[in-house]
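Source file: query_35.txt (compact mmCIF, C-alpha atoms)
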```
# COMPACT_ATOMS: atom_id res chain seq x y z
CA MET A 1 6.78 -8.44 -62.28
CA ALA A 2 8.19 -8.26 -58.74
CA GLN A 3 6.90 -10.81 -56.29
CA GLN A 4 4.74 -9.28 -53.54
CA SER A 5 6.40 -9.58 -50.10
CA SER A 6 4.58 -11.60 -47.44
CA TYR A 7 2.59 -9.77 -44.79
CA ASN A 8 4.68 -9.15 -41.65
CA GLN A 9 2.57 -10.13 -38.62
CA TRP A 10 5.10 -8.86 -36.09
CA ARG A 11 5.35 -5.45 -37.72
CA ALA A 12 1.57 -5.17 -37.68
CA MET A 13 1.49 -6.21 -34.02
CA PHE A 14 3.98 -3.48 -33.07
CA ALA A 15 1.96 -0.94 -35.04
CA ILE A 16 -1.16 -1.87 -33.04
CA ALA A 17 0.85 -1.69 -29.81
CA LYS A 18 2.16 1.76 -30.71
CA GLY A 19 -1.31 3.11 -31.49
CA SER A 20 -2.79 1.56 -28.37
CA PHE A 21 0.01 2.98 -26.19
CA ARG A 22 -0.70 6.47 -27.49
CA ALA A 23 -4.39 5.98 -26.72
CA ILE A 24 -3.54 4.97 -23.12
CA LEU A 25 -1.45 8.11 -22.62
CA ARG A 26 -4.37 10.22 -23.87
CA SER A 27 -6.79 8.56 -21.45
CA PRO A 28 -6.99 10.47 -18.13
CA SER A 29 -8.71 7.55 -16.36
CA ALA A 30 -5.90 5.14 -17.28
CA VAL A 31 -3.23 7.48 -15.93
CA VAL A 32 -5.21 8.28 -12.75
CA PHE A 33 -6.02 4.67 -11.82
CA SER A 34 -2.63 3.24 -12.77
CA LEU A 35 -0.37 6.00 -11.44
CA GLY A 36 -2.36 8.74 -9.69
CA PHE A 37 -4.14 6.79 -6.95
CA PRO A 38 -1.14 4.62 -5.97
CA LEU A 39 1.10 7.70 -5.78
CA ILE A 40 -1.40 9.54 -3.60
CA PHE A 41 -1.49 6.64 -1.13
CA ILE A 42 2.30 6.34 -1.19
CA LEU A 43 2.71 10.07 -0.49
CA VAL A 44 0.18 10.00 2.37
CA PHE A 45 1.59 6.92 4.08
CA GLY A 46 5.15 8.01 3.34
CA PHE A 47 4.68 11.31 5.17
CA ILE A 48 2.85 9.83 8.17
CA GLY A 49 4.96 6.69 8.48
CA GLY A 50 8.03 8.16 10.17
CA GLY A 51 7.51 7.08 13.78
CA GLY A 52 5.12 5.19 16.02
CA PRO A 53 1.60 6.22 17.03
CA SER A 54 1.17 9.87 17.96
CA ILE A 55 -0.53 10.92 21.19
CA ARG A 56 -2.08 14.39 21.42
CA VAL A 57 -2.36 15.76 24.94
CA ALA A 58 -3.23 19.15 26.38
CA MET A 59 -1.92 20.77 29.55
CA SER A 60 -4.40 22.10 32.08
CA PRO A 61 -4.20 25.91 32.58
CA SER A 62 -3.43 25.28 36.29
CA SER A 63 -0.65 22.79 35.55
CA ASP A 64 2.87 23.39 36.84
CA THR A 65 5.14 23.52 33.78
CA ALA A 66 8.44 24.20 35.58
CA ASN A 67 9.34 20.61 36.37
CA TRP A 68 11.14 17.60 34.93
CA VAL A 69 7.94 15.79 33.96
CA TYR A 70 6.79 18.61 31.70
CA TYR A 71 10.25 19.01 30.15
CA ALA A 72 10.38 15.28 29.41
CA LEU A 73 6.90 15.36 27.83
CA GLU A 74 7.98 18.20 25.56
CA LYS A 75 10.90 16.17 24.25
CA PHE A 76 9.09 12.82 23.94
CA GLY A 77 8.80 12.10 20.22
CA ASN A 78 5.38 10.44 20.17
CA VAL A 79 3.67 13.00 22.42
CA LYS A 80 2.32 16.18 20.84
CA LEU A 81 1.40 18.95 23.29
CA VAL A 82 -1.65 20.93 22.15
CA THR A 83 -1.27 24.57 23.14
CA GLY A 84 -3.15 27.79 22.52
CA GLU A 85 -6.62 26.20 22.32
CA PRO A 86 -9.60 27.42 24.40
CA GLN A 87 -10.49 25.16 27.32
CA ASP A 88 -13.98 24.42 26.04
CA LYS A 89 -12.57 23.26 22.69
CA ILE A 90 -10.00 21.05 24.45
CA LEU A 91 -12.74 19.42 26.53
CA SER A 92 -14.79 18.87 23.38
CA ASP A 93 -11.80 17.29 21.59
CA VAL A 94 -11.20 14.95 24.54
CA ARG A 95 -14.82 13.79 24.44
CA LYS A 96 -14.50 13.18 20.69
CA GLY A 97 -11.19 11.31 21.02
CA ARG A 98 -9.15 13.91 19.14
CA ILE A 99 -7.06 14.66 22.25
CA THR A 100 -6.09 11.68 24.40
CA ALA A 101 -6.03 13.45 27.77
CA ILE A 102 -5.66 16.70 29.68
CA ILE A 103 -2.65 16.58 31.99
CA ASP A 104 -2.46 18.60 35.20
CA ILE A 105 0.88 18.42 37.04
CA THR A 106 0.49 19.76 40.61
CA ARG A 107 3.25 20.40 43.10
CA ASN A 108 2.73 18.77 46.49
CA PRO A 109 3.21 20.81 49.69
CA ALA A 110 6.82 21.68 50.43
CA ASP A 111 6.84 19.86 53.76
CA SER A 112 5.51 16.62 52.28
CA ALA A 113 7.67 13.65 51.52
CA TYR A 114 8.20 12.33 48.04
CA PRO A 115 6.68 12.35 45.52
CA ARG A 116 7.15 16.04 44.86
CA TYR A 117 4.52 16.15 42.07
CA THR A 118 1.24 14.45 41.26
CA ILE A 119 0.17 13.93 37.65
CA HIS A 120 -3.60 14.16 37.15
CA THR A 121 -5.14 13.07 33.84
CA THR A 122 -8.59 13.66 32.39
CA THR A 123 -9.66 11.48 29.50
CA SER A 124 -12.84 10.03 28.00
CA SER A 125 -14.19 6.70 26.82
CA ALA A 126 -13.45 7.79 23.25
CA CYS A 127 -9.70 7.69 24.01
CA MET A 128 -9.42 4.20 25.45
CA ASP A 129 -7.38 3.02 22.47
CA LYS A 130 -4.53 5.50 23.13
CA PHE A 131 -4.82 6.26 26.85
CA PRO A 132 -3.01 3.04 27.95
CA LEU A 133 -0.11 4.10 25.74
CA LEU A 134 -0.07 7.52 27.42
CA GLU A 135 -0.02 5.85 30.85
CA THR A 136 2.97 3.77 29.75
CA VAL A 137 4.74 6.93 28.56
CA LEU A 138 4.15 8.69 31.89
CA LYS A 139 5.36 5.69 33.89
CA THR A 140 8.46 5.47 31.73
CA LEU A 141 9.20 9.17 32.22
CA ASN A 142 8.71 8.86 36.00
CA ALA A 143 11.07 5.89 36.11
CA GLU A 144 13.72 7.82 34.18
CA ILE A 145 13.35 10.84 36.48
CA ASP A 146 13.61 8.63 39.59
CA LYS A 147 16.74 7.06 38.17
CA ARG A 148 18.35 10.47 37.76
CA ALA A 149 17.12 11.90 41.09
CA PHE A 150 18.02 8.85 43.19
CA PRO A 151 20.85 7.12 41.33
CA GLY A 152 22.04 5.17 44.36
CA ARG A 153 18.72 3.89 45.61
CA PRO A 154 18.49 0.07 45.54
CA SER A 155 15.80 -1.44 43.36
CA PHE A 156 13.84 -4.66 43.60
CA SER A 157 14.95 -5.52 40.10
CA THR A 158 17.01 -3.87 37.41
CA LEU A 159 16.87 -3.86 33.64
CA ALA A 160 20.11 -4.50 31.83
CA GLU A 161 21.04 -2.66 28.70
CA PRO A 162 19.40 -4.37 25.72
CA VAL A 163 21.40 -6.34 23.22
CA VAL A 164 20.67 -4.68 19.89
CA LEU A 165 21.06 -6.99 16.91
CA PRO A 166 21.95 -5.49 13.54
CA GLY A 167 18.96 -5.06 11.29
CA ARG A 168 17.19 -2.78 8.88
CA GLU A 169 14.72 -0.12 9.93
CA TYR A 170 11.23 -1.14 8.85
CA ARG A 171 9.20 1.85 7.66
CA MET A 172 5.52 2.02 6.79
CA ILE A 173 6.47 2.69 3.16
CA ASP A 174 8.08 -0.79 3.02
CA PHE A 175 4.64 -2.31 3.59
CA ILE A 176 2.50 0.19 1.67
CA LEU A 177 4.45 0.54 -1.59
CA PRO A 178 4.30 -3.13 -2.69
CA GLY A 179 0.56 -3.10 -1.90
CA MET A 180 0.03 0.06 -3.94
CA LEU A 181 2.04 -1.37 -6.82
CA GLY A 182 -0.15 -4.48 -6.72
CA PHE A 183 -3.22 -2.21 -6.56
CA SER A 184 -2.06 -0.44 -9.73
CA LEU A 185 -1.35 -3.69 -11.59
CA LEU A 186 -4.69 -5.26 -10.64
CA SER A 187 -6.67 -2.13 -11.59
CA ALA A 188 -4.92 -1.77 -14.93
CA GLY A 189 -5.07 -5.45 -15.75
CA ILE A 190 -8.80 -5.79 -15.11
CA PHE A 191 -10.40 -2.39 -15.70
CA GLY A 192 -7.99 -1.37 -18.47
CA VAL A 193 -8.30 -4.56 -20.51
CA ALA A 194 -12.05 -4.94 -19.92
CA PHE A 195 -12.91 -1.43 -21.13
CA LEU A 196 -10.36 -1.62 -23.95
CA PHE A 197 -11.63 -4.77 -25.66
CA PHE A 198 -15.28 -3.97 -25.01
CA ASN A 199 -14.85 -0.59 -26.71
CA LEU A 200 -12.91 -2.18 -29.57
CA ARG A 201 -15.89 -4.43 -30.22
CA GLN A 202 -18.48 -1.68 -29.75
CA THR A 203 -16.71 0.76 -32.09
CA LEU A 204 -16.16 -2.02 -34.67
CA VAL A 205 -12.38 -1.50 -34.56
CA LEU A 206 -11.90 -5.26 -34.27
CA LYS A 207 -13.97 -5.76 -37.43
CA ARG A 208 -11.68 -3.35 -39.24
CA PHE A 209 -8.69 -5.33 -38.01
CA PHE A 210 -10.30 -8.48 -39.44
CA ALA A 211 -10.32 -6.81 -42.87
CA THR A 212 -6.52 -6.78 -42.75
CA PRO A 213 -4.26 -9.84 -43.05
CA ILE A 214 -3.20 -9.65 -39.40
CA ARG A 215 -4.10 -12.70 -37.34
CA ARG A 216 -6.25 -12.47 -34.23
CA THR A 217 -3.44 -13.64 -31.95
CA TYR A 218 -1.26 -10.72 -33.00
CA ILE A 219 -4.12 -8.28 -32.40
CA VAL A 220 -4.35 -9.42 -28.78
CA LEU A 221 -0.57 -9.43 -28.41
CA GLY A 222 -0.30 -5.89 -29.79
CA GLU A 223 -2.95 -4.50 -27.45
CA GLY A 224 -1.48 -6.44 -24.53
CA LEU A 225 2.04 -5.21 -25.28
CA SER A 226 0.93 -1.58 -25.06
CA ARG A 227 -0.74 -2.21 -21.69
CA VAL A 228 2.30 -4.06 -20.34
CA THR A 229 4.69 -1.32 -21.52
CA PHE A 230 2.63 1.43 -19.86
CA GLN A 231 2.35 -0.49 -16.59
CA MET A 232 6.06 -1.29 -16.48
CA ILE A 233 6.78 2.43 -16.84
CA THR A 234 4.27 3.06 -14.04
CA ALA A 235 6.00 0.47 -11.84
CA VAL A 236 9.37 2.14 -12.42
CA VAL A 237 7.91 5.52 -11.42
CA ILE A 238 6.22 4.15 -8.27
CA ILE A 239 9.31 2.29 -7.05
CA GLY A 240 11.59 5.19 -7.98
CA ILE A 241 9.55 7.79 -6.07
CA GLY A 242 9.29 5.46 -3.06
CA TYR A 243 13.05 4.86 -3.04
CA LEU A 244 14.22 8.43 -3.70
CA SER A 245 11.63 10.32 -1.63
CA PHE A 246 10.73 7.96 1.23
CA HIS A 247 13.74 5.60 1.44
CA PHE A 248 11.84 2.51 0.34
CA THR A 249 14.06 -0.48 1.02
CA LEU A 250 15.69 -2.19 -1.96
CA VAL A 251 18.03 -4.60 -0.18
CA HIS A 252 20.18 -5.57 -3.16
CA GLY A 253 19.79 -2.34 -5.11
CA TRP A 254 19.35 -2.81 -8.84
CA ALA A 255 18.97 -6.59 -8.51
CA THR A 256 16.00 -6.14 -6.17
CA PHE A 257 14.56 -3.47 -8.47
CA LEU A 258 14.70 -5.81 -11.48
CA ASP A 259 13.19 -8.67 -9.43
CA MET A 260 10.26 -6.41 -8.53
CA LEU A 261 9.76 -5.48 -12.18
CA LEU A 262 9.73 -9.18 -13.13
CA LEU A 263 7.13 -9.88 -10.44
CA SER A 264 5.11 -6.90 -11.69
CA PHE A 265 5.17 -8.33 -15.22
CA ILE A 266 4.00 -11.76 -14.06
CA GLY A 267 1.25 -10.28 -11.90
CA LEU A 268 0.04 -7.96 -14.67
CA VAL A 269 -0.19 -10.77 -17.24
CA VAL A 270 -2.28 -12.85 -14.80
CA PHE A 271 -4.57 -9.92 -13.95
CA MET A 272 -5.10 -9.14 -17.63
CA GLY A 273 -6.70 -12.57 -17.96
CA PHE A 274 -9.42 -11.44 -15.55
CA GLY A 275 -9.89 -8.37 -17.75
CA PHE A 276 -10.46 -10.52 -20.84
CA ILE A 277 -13.14 -12.47 -18.97
CA VAL A 278 -14.90 -9.32 -17.71
CA SER A 279 -14.88 -7.74 -21.19
CA SER A 280 -16.58 -10.86 -22.57
CA VAL A 281 -19.29 -11.39 -19.95
CA ALA A 282 -20.29 -7.70 -19.76
CA LYS A 283 -23.39 -6.95 -21.86
CA ASN A 284 -22.80 -3.21 -21.96
CA GLU A 285 -20.24 -0.66 -20.77
CA SER A 286 -22.10 0.17 -17.56
CA SER A 287 -21.98 -3.47 -16.45
CA ILE A 288 -18.17 -3.65 -16.59
CA PRO A 289 -17.51 -1.90 -13.20
CA PRO A 290 -19.78 -4.26 -11.20
CA PHE A 291 -18.19 -7.35 -12.74
CA ALA A 292 -14.69 -5.92 -12.32
CA ASN A 293 -15.35 -4.94 -8.70
CA LEU A 294 -16.43 -8.49 -7.92
CA VAL A 295 -12.85 -9.50 -8.70
CA THR A 296 -10.92 -6.46 -7.46
CA MET A 297 -12.63 -5.43 -4.21
CA PRO A 298 -12.08 -8.69 -2.27
CA GLN A 299 -8.44 -8.59 -3.31
CA PHE A 300 -7.98 -4.92 -2.40
CA LEU A 301 -9.44 -5.54 1.07
CA LEU A 302 -8.15 -9.06 1.81
CA GLY A 303 -4.97 -9.23 -0.26
CA GLY A 304 -2.72 -7.43 2.23
CA THR A 305 -2.82 -4.21 0.23
CA PHE A 306 -3.45 -1.70 3.01
CA PHE A 307 -2.90 -3.78 6.15
CA SER A 308 -1.57 -7.14 7.26
CA THR A 309 -3.95 -10.10 7.28
CA ASP A 310 -2.26 -11.72 10.30
CA ALA A 311 -4.99 -10.47 12.66
CA PHE A 312 -7.74 -12.26 10.68
CA PRO A 313 -9.18 -15.57 11.94
CA GLY A 314 -7.59 -18.71 10.53
CA TRP A 315 -10.37 -19.58 8.06
CA LEU A 316 -10.28 -16.05 6.61
CA GLN A 317 -6.49 -16.12 6.31
CA THR A 318 -6.85 -19.33 4.27
CA PHE A 319 -9.17 -17.49 1.87
CA CYS A 320 -6.80 -14.48 1.74
CA ASN A 321 -3.85 -16.69 0.85
CA ALA A 322 -5.83 -18.08 -2.09
CA LEU A 323 -6.03 -14.63 -3.72
CA PRO A 324 -3.46 -13.90 -6.45
CA LEU A 325 -2.94 -10.31 -5.26
CA LYS A 326 -2.00 -11.60 -1.77
CA GLN A 327 0.64 -13.88 -3.30
CA LEU A 328 2.01 -11.02 -5.42
CA ASN A 329 2.12 -8.59 -2.46
CA ASP A 330 3.88 -11.16 -0.25
CA ALA A 331 6.45 -11.88 -2.96
CA MET A 332 7.07 -8.16 -3.50
CA ARG A 333 7.66 -7.56 0.22
CA ASP A 334 9.91 -10.61 0.57
CA VAL A 335 12.06 -9.43 -2.33
CA ALA A 336 12.16 -5.73 -1.42
CA PHE A 337 12.70 -5.81 2.36
CA GLU A 338 13.78 -9.33 3.31
CA GLY A 339 16.31 -9.61 0.51
CA ALA A 340 14.81 -12.67 -1.19
CA HIS A 341 15.73 -13.30 -4.81
CA ILE A 342 13.28 -14.23 -7.51
CA TRP A 343 13.96 -17.97 -7.05
CA ASP A 344 13.27 -17.65 -3.33
CA VAL A 345 9.64 -16.68 -4.02
CA LYS A 346 9.04 -19.49 -6.50
CA GLY A 347 6.12 -20.68 -4.38
CA GLN A 348 4.23 -17.40 -4.84
CA ILE A 349 5.20 -17.28 -8.53
CA GLY A 350 3.95 -20.84 -9.03
CA TYR A 351 0.67 -19.87 -7.37
CA LEU A 352 0.32 -16.88 -9.71
CA LEU A 353 1.09 -19.03 -12.76
CA ALA A 354 -1.54 -21.56 -11.66
CA TRP A 355 -4.06 -18.71 -11.46
CA GLY A 356 -2.91 -17.56 -14.90
CA ILE A 357 -3.50 -21.00 -16.46
CA LEU A 358 -6.97 -21.19 -14.92
CA VAL A 359 -7.96 -17.64 -15.88
CA TYR A 360 -6.75 -17.84 -19.47
CA ALA A 361 -8.40 -21.23 -19.94
CA ILE A 362 -11.70 -19.54 -19.02
CA ALA A 363 -10.89 -16.45 -21.10
CA ILE A 364 -10.30 -18.53 -24.23
CA LYS A 365 -13.71 -20.17 -23.78
CA VAL A 366 -15.72 -16.98 -23.18
CA PHE A 367 -13.80 -14.33 -25.15
CA LYS A 368 -15.88 -12.62 -27.84
CA TRP A 369 -14.57 -11.04 -31.00
CA GLU A 370 -17.91 -9.77 -32.25
```
Could you render the structure from this file as structure tokens?
Amino acid sequence: MAQQSSYNQWRAMFAIAKGSFRAILRSPSAVVFSLGFPLIFILVFGFIGGGGPSIRVAMSPSSDTANWVYYALEKFGNVKLVTGEPQDKILSDVRKGRITAIIDITRNPADSAYPRYTIHTTTSSACMDKFPLLETVLKTLNAEIDKRAFPGRPSFSTLAEPVVLPGREYRMIDFILPGMLGFSLLSAGIFGVAFLFFNLRQTLVLKRFFATPIRRTYIVLGEGLSRVTFQMITAVVIIGIGYLSFHFTLVHGWATFLDMLLLSFIGLVVFMGFGFIVSSVAKNESSIPPFANLVTMPQFLLGGTFFSTDAFPGWLQTFCNALPLKQLNDAMRDVAFEGAHIWDVKGQIGYLLAWGILVYAIAIKVFKWE
């Protein structure tokens, strides 16, 4: 009689991972939260992140448009001239802050000395955030026109040509994409794992696993492997679209790309620990989102996902720097744009690993199989 072969734990683990991966692909919510939302944000910020702030201005119907000032405004990249709108709508938009100002360029009498033209502006208190920028633009245009009209006139001071150091162009996508990638990893690690293991307990799938010879450790590893595989594919898609469509900066090419994937893997493993905790403390499925949001929302808002935290007061910056998502986002940006290698961000990685040790120590204590 042939001896029965021993049960292969690794083969069973990969079978669980394969089944779980198929279940993830069939789940619309998993695809939307992990890939859909980050891509939407990347597309939006990628399309609007080409230049500096845009100023919308309208010309008064009585304005003189046959002069150098008007021609310069037309060609100025950050100024958008609103044309073809009724005057009452333009006035309404100025009051609401949608249009920064109405410009009226009037020609002075022919017998008057310089200046030849006077620029009148009408704005509102709703535009005080952009109107100073418009004033700077108009002063710059006037200075350029004066320089061309009176090239030999002596000046009180002069501005030398700037010394331009070599450097890379910093686009909005270079800030947004690492934040969106971190957003995807945090969402998948917490919400995905929490709902997954809670449902496995509720549907008694874990009990069925216990009826087989597979050990509990390999059950967790199998489910975790499927989640990691899906998220690594998601990370590749996010970085690839950012690079190919919006010129996201990868300083060292493939080396930077692989460094970002390694950081994504480390961050995801740490965030999955939070998911194990949430799945264990939740009493029912409807209580998972509140518990998960307690962990995710502060990190989304204070982890440097959508905007820099440099403007925050010092005490709040200290709290922000304690968040694992902030450390991951900073490491991603250092690697992608500043050209750091994985060993150059060992401080952020060490911080993430410390969070991982703490989180999994708690998860082991509170995790429920039944």
Excluding same-chain residues fewer than 3 positions from A:Ala336, what lies within 8 Å of it counting only C-alpha atoms, as a list in words? Asp174, Thr249, Leu250, Val251, Thr256, Phe257, Met260, Met332, Arg333, Gly339 and Ala340 of chain A
Residues as selected, C-alpha atoms, written as a PDB file, keeping the file's coordinate frame, can you do that?
```
ATOM      1  CA  ASP A 174       8.080  -0.790   3.020  1.00  0.00           C
ATOM      2  CA  THR A 249      14.060  -0.480   1.020  1.00  0.00           C
ATOM      3  CA  LEU A 250      15.690  -2.190  -1.960  1.00  0.00           C
ATOM      4  CA  VAL A 251      18.030  -4.600  -0.180  1.00  0.00           C
ATOM      5  CA  THR A 256      16.000  -6.140  -6.170  1.00  0.00           C
ATOM      6  CA  PHE A 257      14.560  -3.470  -8.470  1.00  0.00           C
ATOM      7  CA  MET A 260      10.260  -6.410  -8.530  1.00  0.00           C
ATOM      8  CA  MET A 332       7.070  -8.160  -3.500  1.00  0.00           C
ATOM      9  CA  ARG A 333       7.660  -7.560   0.220  1.00  0.00           C
ATOM     10  CA  GLY A 339      16.310  -9.610   0.510  1.00  0.00           C
ATOM     11  CA  ALA A 340      14.810 -12.670  -1.190  1.00  0.00           C
TER      12      ALA A 340
END
```
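We find atom CA of A:Thr305 and atom CA of A:Ala322 to be spaced 14.4 Å apart.
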As lines of an AutoDock Vina configuration file, please report the centre and edge lengths, rounded to one decimal in Å, of the axis-aligned box that holds all listed atoms of stretch 192-204 of chain A with 5 Å of padding on each of the six sides.
```
center_x = -13.2
center_y = -2.1
center_z = -26.6
size_x = 20.5
size_y = 15.7
size_z = 26.2
```
Would you write out, as CSV, a table of all residues in stretch 3-23 of chain A that have an atom no more than 9 Å from an atom of stretch 201-217 of chain A, listing for each the closest atom pair and the distance in Å to one decimal, considering only C-alpha atoms and ordering rows by chain and rising residue number?
```
residue,atom,partner,partner_atom,distance
A:Tyr7,CA,A:Pro213,CA,7.1
A:Asn8,CA,A:Ile214,CA,8.2
A:Gln9,CA,A:Ile214,CA,5.8
A:Trp10,CA,A:Ile214,CA,9.0
A:Ala12,CA,A:Ile214,CA,6.8
A:Met13,CA,A:Ile214,CA,7.9
```
If you keep C-alpha atoms, can you produce a file of those selected residues as a PDB file, in the frame of the given file?
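The new file part36.pdb reads:
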```pdb
ATOM      1  CA  TYR A   7       2.590  -9.770 -44.790  1.00  0.00           C
ATOM      2  CA  ASN A   8       4.680  -9.150 -41.650  1.00  0.00           C
ATOM      3  CA  GLN A   9       2.570 -10.130 -38.620  1.00  0.00           C
ATOM      4  CA  TRP A  10       5.100  -8.860 -36.090  1.00  0.00           C
ATOM      5  CA  ALA A  12       1.570  -5.170 -37.680  1.00  0.00           C
ATOM      6  CA  MET A  13       1.490  -6.210 -34.020  1.00  0.00           C
TER       7      MET A  13
END
```
Could you pull the residues within 7 Å of stretch 189-195 of chain A, counting all atoms listed in the file, minus those fewer than 3 positions along the same chain, as number ranges by chain? A: 30, 185-186, 198-199, 268, 271-272, 274-276, 278-279, 292
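Using only C-alpha atoms, the shortest contact distance between A:Asn329 and any of A:Asn108, A:Ser264, A:Ser62, A:Thr100 is found at A:Ser264.
All residues of protein, DNA or RNA that reach within 10 Å of A:Asp344, judged by only C-alpha atoms and not counting those fewer than 5 positions away in the chain, are A:Ala331, A:Asp334, A:Val335, A:Gly339, A:Ile349.
A straight line drawn from atom CA of A:Asn78 to atom CA of A:Val137 is 9.1 Å long.
Pairwise distance (atom CA of A:Arg171, atom CA of A:Leu301) equals 21.1 Å.
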Excluding A:Tyr351 and residues on its chain fewer than 2 positions from it, collect all residues at most 12 Å away from it, counting all atoms listed in the file, and give them as a PyMOL selection string. chain A and resi 266-267+270+321-328+330-331+345-349+353-358
Output for the residues just chosen: C-alpha atoms as a PDB file, in the coordinates of the input:
```
ATOM      1  CA  ILE A 266       4.000 -11.760 -14.060  1.00  0.00           C
ATOM      2  CA  GLY A 267       1.250 -10.280 -11.900  1.00  0.00           C
ATOM      3  CA  VAL A 270      -2.280 -12.850 -14.800  1.00  0.00           C
ATOM      4  CA  ASN A 321      -3.850 -16.690   0.850  1.00  0.00           C
ATOM      5  CA  ALA A 322      -5.830 -18.080  -2.090  1.00  0.00           C
ATOM      6  CA  LEU A 323      -6.030 -14.630  -3.720  1.00  0.00           C
ATOM      7  CA  PRO A 324      -3.460 -13.900  -6.450  1.00  0.00           C
ATOM      8  CA  LEU A 325      -2.940 -10.310  -5.260  1.00  0.00           C
ATOM      9  CA  LYS A 326      -2.000 -11.600  -1.770  1.00  0.00           C
ATOM     10  CA  GLN A 327       0.640 -13.880  -3.300  1.00  0.00           C
ATOM     11  CA  LEU A 328       2.010 -11.020  -5.420  1.00  0.00           C
ATOM     12  CA  ASP A 330       3.880 -11.160  -0.250  1.00  0.00           C
ATOM     13  CA  ALA A 331       6.450 -11.880  -2.960  1.00  0.00           C
ATOM     14  CA  VAL A 345       9.640 -16.680  -4.020  1.00  0.00           C
ATOM     15  CA  LYS A 346       9.040 -19.490  -6.500  1.00  0.00           C
ATOM     16  CA  GLY A 347       6.120 -20.680  -4.380  1.00  0.00           C
ATOM     17  CA  GLN A 348       4.230 -17.400  -4.840  1.00  0.00           C
ATOM     18  CA  ILE A 349       5.200 -17.280  -8.530  1.00  0.00           C
ATOM     19  CA  LEU A 353       1.090 -19.030 -12.760  1.00  0.00           C
ATOM     20  CA  ALA A 354      -1.540 -21.560 -11.660  1.00  0.00           C
ATOM     21  CA  TRP A 355      -4.060 -18.710 -11.460  1.00  0.00           C
ATOM     22  CA  GLY A 356      -2.910 -17.560 -14.900  1.00  0.00           C
ATOM     23  CA  ILE A 357      -3.500 -21.000 -16.460  1.00  0.00           C
ATOM     24  CA  LEU A 358      -6.970 -21.190 -14.920  1.00  0.00           C
TER      25      LEU A 358
END
```
Just want the 9 Å neighbourhood of A:Ala72, counted on only C-alpha atoms, with same-chain residues fewer than 4 positions away dropped. Output as a list in words. Asn67, Trp68, Phe76, Leu141 and Ile145 of chain A
Any chance you could export the current selection's C-alpha atoms as an mmCIF file, in the coordinates of the input?
```
data_model
loop_
_atom_site.group_PDB
_atom_site.id
_atom_site.type_symbol
_atom_site.label_atom_id
_atom_site.label_comp_id
_atom_site.auth_asym_id
_atom_site.auth_seq_id
_atom_site.Cartn_x
_atom_site.Cartn_y
_atom_site.Cartn_z
ATOM 1 C CA ASN A 67 9.340 20.610 36.370
ATOM 2 C CA TRP A 68 11.140 17.600 34.930
ATOM 3 C CA PHE A 76 9.090 12.820 23.940
ATOM 4 C CA LEU A 141 9.200 9.170 32.220
ATOM 5 C CA ILE A 145 13.350 10.840 36.480
#
```
Among listed residues A:Leu352, A:Ile241, A:Ile42, A:Ile219, nearest A:Met172 (using all atoms listed in the file): A:Ile42
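Comparing the minimum interatomic distances between A:Gly19 and each of A:Gly253, A:Gly224, A:Pro289, A:Pro298, counting all atoms listed in the file, we find that A:Gly224 sits nearest.
With all atoms listed in the file as the atoms that count, the minimum distance from A:Gly182 to the choices A:Phe197, A:Phe306, A:Tyr218, A:Tyr70 is reached by A:Phe306.
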Would you mind telling me which residue in A:Tyr117, A:Gly304, A:Ala101, A:Asp64 lies nearest to A:Leu81 when using all atoms listed in the file? A:Ala101
